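As structure tokens, the structure follows; a few thoughts come after it.
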Amino acid sequence: MTRILPARVLAGVAVVATALAGGVAAAVAGAHTAAPAVTRRPTLHVSVASVAGRQERIIETTVGRAVYLLSGDSARHPKCRGACLGIWPAVSAADPTARGIHGHLGVWRHNGIRQVTLDGHPLYTFSYDTSGAKASGEGIKSFGGEWFALSPAAQPLRPVVGHGTQAATGTGSSAPVMATTGATTTPGYGY
């Protein structure tokens, strides 16, 4: 007994067969031609934001959040753990990329996190930053150090007081000063 299929079913079968044939043809063609390059947004980029009341060029994440480092924090001696990560979330990526930034990107794998590092410093965002146009975490002292937004040169916007630095004297100022080694001036990272 021969069964006749309704026209809708036949049309559906024809669509599926055409799609399968097209997929096979595309796969065969793709084996012989180069696939177009997939452009992904960089993990970190440079933007202008308000930092302590002035406009500064800073490093931001893909979603426009200011990037910070904590003085004295490192992969060897992490200061930001537990509750700290709730306020200062780690910048994470499996394969970080950057645009307009001078420094070496890396990944520090710990506690199930793939935290992005820049020149060996773990990077964070600040959960209370309300927009990409503001870095409100700059200069906050918490979790055993001070938080600094980063310039495109992968340096804190202002110097970090740490080992090898001296507090300003005779000025009544508690502003951080640069660590001086020989003829060059470099910021101290506190570790």
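Letters A, B, ... mark the chains of the structure tokens in the order given; residue numbers begin at 1 per chain; ligand numbers begin at 1, in order shown.
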Inset, instruction - Please return as a ChimeraX atom specification: the residues of stretch 12-158 of chain A that backbone DSSP assigns to strand (DSSP E). - result: /A:44-51,54-61,68-70,98-99,105-110,113-118,121-122,141-142,145-149
Inset, instruction - Find, counting only C-alpha atoms, the residue in A:Gln115, A:Ser127, A:Thr61, A:Ser151 that gets nearest to A:Ala98. - result: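 Counting only C-alpha atoms, the residue closest to A:Ala98 is A:Thr61.
Among A:Ala66, A:Ile101, A:Cys84, A:Ile113, the residue with the shortest atom-to-atom distance to A:Gly145, counting only C-alpha atoms, is A:Cys84.
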Legend entry - Residue nearest A:Val116 - candidates A:Ser71, A:Gln55, A:Thr62, A:Thr43, atoms counted: only C-alpha atoms: A:Thr43
Legend entry - Nearest to A:Gly64 by atom-to-atom distance, counting only C-alpha atoms, from A:Leu123, A:Val51, A:Ala135, A:Cys80: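 Counting only C-alpha atoms, the residue closest to A:Gly64 is A:Ala135.
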